[in-house]
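Peer 1: Got a structure here, written out as structure tokens. Questions coming.
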Protein chains: 2
Amino acid sequence: MSELIAKLRAALGDAQVLTEGDLGAWEQDWRRRSRGKALAVVRPGSTAEVAAVVRLCAAAGTAIVPQGGNTGLVVGGIPDASGTQVLLSLGRMNRVRAIDPANLTITAEAGCVLQSVQQAAQAAGFLFPLSLGSEGSCTLGGNLGTNAGGTQVLRYGNARELCLGLEVVTPQGEVWDGLSGLRKDNTGYDLRDLFVGSEGTLGVITAATMKLFPQPAASLTAWAAVPDMESAVALLGLAHRGLGASLTGFEVMGRFSLSLVRKHFPQLRVPFADSSPFGVLLECSDHESEAHARAQFERLLERALEDGCATDAVVAESLAQAAELWHVRESITLAQAQEGLNIKHDISIPVSSIPAFCRSAEERLLRAIPGVRLVNFGHLGDGNLHFNVQAPAGADGPAFLREWEDPVNTLVYDTVQEFGGSISAEHGVGSLKVDKLPHHKSPVALGLMRAIKQALDPQGLMNPGRVLHP
Amino acid sequence: MSELIAKLRAALGDAQVLTEGDLGAWEQDWRRRSRGKALAVVRPGSTAEVAAVVRLCAAAGTAIVPQGGNTGLVVGGIPDASGTQVLLSLGRMNRVRAIDPANLTITAEAGCVLQSVQQAAQAAGFLFPLSLGSEGSCTLGGNLGTNAGGTQVLRYGNARELCLGLEVVTPQGEVWDGLSGLRKDNTGYDLRDLFVGSEGTLGVITAATMKLFPQPAASLTAWAAVPDMESAVALLGLAHRGLGASLTGFEVMGRFSLSLVRKHFPQLRVPFADSSPFGVLLECSDHESEAHARAQFERLLERALEDGCATDAVVAESLAQAAELWHVRESITLAQAQEGLNIKHDISIPVSSIPAFCRSAEERLLRAIPGVRLVNFGHLGDGNLHFNVQAPAGADGPAFLREWEDPVNTLVYDTVQEFGGSISAEHGVGSLKVDKLPHHKSPVALGLMRAIKQALDPQGLMNPGRVLHP
């Protein structure tokens with residue numbers, strides 16, 4: 001092993017091959033579910049250096065775990081505990097390589113922090129719409145490796161749909177330059193989308209060409225009080241018809257989720273908090289003007305009140321008010337953490353089945369665990385709920401988790417499957433869900449996935465144990 | 001072989017296994033470039049029957065060529081001349097299985113004619129935006145197998161971006177039910193997008209779940225006279241900023257293309273035909289009202305006239321006028337056929353490089369073939385040109401083709417590569433471009449493609465010789 005480290009040092013320089021000191025920033029996962037031990041943390045500064053690292057590891061038969069901002073939620077980017085895996089950090093590859101205004105594209109390296117890509121786009125007069133909670137730390141490469149979602153998927157799609165081309169280092173250490181920036185290219189299999197979402201198990205994404213959009217002239221945010229999930233779905237339909245592509249956000253939040261925000265962040269104002277089983281946050285982006293957006297929004301909300309799918313509604317009067325509404329939505333994650341440990345899910349269901357799914361899953365949970373509380377919120381426009389299960393009031397969090405994590409996961413995932421959903425909507429599989437996949441994914445699909453993994457990474461050295469068991 | 005045919009007859013019924021009579025409808029390609037000879041034409045009526053056919057063929061070691069509407073332009077869907085391949089027609093699988101209004105999805109079988117999918121969506125109050133010249137004959141399965149493009153890609157994407165899930169029969173005759181209808185699903189590799197665009201070489205698509213959109217309240221069409229390709233690109237930028245997602249079409253047509261329409265279809269009125277080197281056809285779809293769309297369009301075109309990127313412009317006053325403008329655009333294909341044989345290309349280039357590419361390619365062509373004429377038109381919004389090369393006036397068409405087809409292809413494709421483009425934007429590879437691919441695609445990409453083909457279809461029986469050489 002010391003021979004490999006010596007070769008890595010020769011290739012990258014001593015300073016970029018870390019083996020001593022506290023490597024916790026790379027070895028500990030974001031949610032503190034697990035801590036690994038790396039043989040070394042290597043920090044290449046260029047695509048050629050990534051390729052060199054991969055070739056050296058391949059020759060030594062050493063596994064590689066690629067890592068971006070280490071903000072993943074499914075333990076997919078840290079080494080295992082064996083001390084035999086090389087942690088490949090892309091953090092130093094953080095250049096925006098090009099912005100092409102007429103082609104509406106930005107080409108950036110994998111280690112670029114998402115927010116810096118957004119800012120580079122904005123500085124050039126464009127919108128890069130991928131947006132998620134960890135955008136100040138997560139990286140473009142991680143976003144693509146996990147096909148990240150977030151709050152703008154409804155209008156702009158997941159990371160996959162925003163990507164026009166990739167540069168990838170293969171498990172053999174070859175470089176595929178697929179940074180085309182083309183919107184149409186039918187010259188063979190879709191390698192791009194195979195690497196996107198493969199969680200580093202088929203190769204290392206080193207750069208990407210992403211779509212840009214014109215900046216909207218105005219964005220407005222509204223909040224609607226909604227009597228039940230059926231009404232939230234009806235409101236979504238109205239919003240699609242009334243706003244078309246101007247509808248850029250549609251988030252739903254259950255009453256208990258919002259009560260946690262009020263309890264733990266009393267300085268935040270939660271609209272209609274007591275009166276309504278669900279809150280819906282809507283965002284409308286307009287290429288014309290704020291006045292036009294407001295007129296459109298008001299017409300939609302009036303119609304929703306008439307139809308009864310909303311019982312009350314408010315449009316933010318200023319950017320500050322809009323930010324405050326979004327802040328309520330984004331504080332749910334922290335508020336539930338303050339309340340104690342819970343059992344998290346990241347599921348998707350066809351939008352039309354969400355009301356029936358929620359009823360069914362809630363009934364079953366309450367039957368199994370009287371008094372259990374649901375932190376139910378998410379991106380309803382994408383059919384994506386974070387359907388989290390919180391211990392009954394006053395219960396001991398760690399004991400609840402020990403006793404209930406497995407049975408609750410089984411109950412929720414079985415119900416998801418019954419309604420034709422997915423057990424991982426936007427977070428990926430990582431290590432955390434790799435055992436669950438065979439129960440919830442078709443054997444034919446898993447067989448195809450294994451065949452592809454074996455074909456592209458026959459040594460099984462790329463992020464082993466993630467997505468698929470070795 | 002008669003043993004296989006007997007088994008196919010037993011599985012499908014005699015009437016669905018054709019070996020006698022004129023099979024030209026399945027054996028002759030659309031552009032009449034090639035005619036093959038099938039061992040049999042089989043017409044399964046269900047996914048289970050498709051799977052049975054594939055298993056029987058796999059056991060016999062017999063190759064399968066899947067076919068939809070047989071409207072492909074690259075000879076990808078007919079059997080070879082050997083008389084040993086089974087032609088698998090999906091035409092009888094033509095049911096719309098479900099429309100889910102709240103989920104905005106339609107699930108339809110592969111043999112559904114594209115226009116019937118559009119009509120089913122419309123009858124339910126929705127838009128299915130995939131639209132191309134052959135929509136009255138081509139099928140959804142063929143659209144997905146070749147990742148079809150068309151005139152609405154700018155706003156809604158290619159067939160790939162419109163697809164949420166697939167049902168596929170694998171080369172082993174297993175059925176993968178991936179008809180999820182989910183907008184977010186990160187449970188493993190993106191098998192969907194691997195099958196989309198694989199031209200039947202990795203399996204047979206039997207059904208798909210596709211995105212629906214709200215019907216726009218109004219669609220308007222405009223025509224602008226444009227002084228040069230730089231101005232067309234500038235107008236595209238203005239239209240993106242001014243119309244946002246309401247911009248649903250942006251087609252460019254060179255003067256010679258339009259002169260052929262005037263010559264061969266004198267009853268059609270071509271706006272600004274004499275005065276302008278290029279015409280641009282714009283479409284704006286509005287979720288609000290026709291009056292709003294018209295105001296937006298007029299503001300945009302006024303700005304374009306001020307900026308000088310358009311020299312004249314007209315907005316269609318009625319649906320009939322709009323249809324007439326589109327008819328001019330769509331008549332270019334027929335008009336060039338009337339003029340005589342030409343050498344067709346379907347290329348894409350980053351939008352920003354299109355003016356320089358066009359200048360360079362035209363210069364080189366004129367140097368090589370004095371008097372050669374360019375039928376240059378296409379979907380500028382997607383960077384996709386049909387850059388067709390017509391013999392000099394009065395030249396003998398067939399002789400021109402014999403002498404020049406290869407060198408012209410080489411010249412155009414080399415120039416495409418120089419400008420970072422693709423030699424097949426929306427038509428695919430088929431048999432027609434399979435020899436060209438190794439010269440214009442990275443060896444790393446081709447190696448990955450071969451590894452995937454070998455992994456999924458180790459017997460090499462699925463549409464052999466298409467996309468990749470065996």
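Lettering and numbering for the structure tokens are positional, with chains as A, B, ... in the shown order, residues counted from 1 in each chain, and ligands counted from 1 in the shown order.
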Find the residues of chain B in contact range of chain A, meaning any atom within 6 Å when counting only C-alpha atoms, and list them as an MDAnalysis selection string.
Peer 2: chainID B and resid 102:103 176 182:190 194 198 214 241 244 287 350:352 382 422 424:426 428:429 444 451 455 467
Peer 1: Give me, as a PyMOL selection string, all polymer residues having an atom no more than 12 Å from Glu362 in chain B, counting only C-alpha atoms and skipping those fewer than 5 positions away in the same chain.
Peer 2: chain B and resi 354-357+367-376+387-389+408+411-412+415-416
Peer 1: Rounded to one decimal in Å, what is the spacing between CA of Gly165 in chain B and CA of Thr209 in chain B?
Peer 2: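 Pair CA of Gly165 in chain B / CA of Thr209 in chain B returns 5.0 Å.
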Peer 1: Rounded to one decimal, what separation in Å do you get between CA of Trp26 in chain A and CA of Val204 in chain A?
Peer 2: 16.8 Å
Peer 1: Any idea what's packed within 9 Å of Ala58 in chain B, counting only C-alpha atoms, ignoring anything in its chain fewer than 6 positions away? Could you give it as a list in words?
Peer 2: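 Residues meeting the cut-off are Ile64, Pro171, Gln172, Gly173, Gln459 and Leu461 of chain B.
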Peer 1: Would you mind listing what lies within 6 Å of Gly378 in chain A as a ChimeraX atom specification, with only C-alpha atoms counted and same-chain residues fewer than 6 positions away left out?
Peer 2: /A:251-252,384-386
Peer 1: So which one's closest to Leu258 in chain B, B:Asn94, B:Gln85, B:Ser331, B:Ser360? Using only C-alpha atoms, please.
Peer 2: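 Counting only C-alpha atoms, the residue closest to Leu258 in chain B is B:Ser331.
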Peer 1: For each of B:Ile5, B:Met462, B:Ala393, B:Met253, take the minimum atom-to-atom distance to Thr333 in chain B, counting only C-alpha atoms, then give the residue where this is smallest.
Peer 2: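 The closest residue to Thr333 in chain B is B:Met253.
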Peer 1: Quick one: distance from CA of Leu281 in chain B to CA of Gln118 in chain B in Å, one decimal?
Peer 2: 22.3 Å
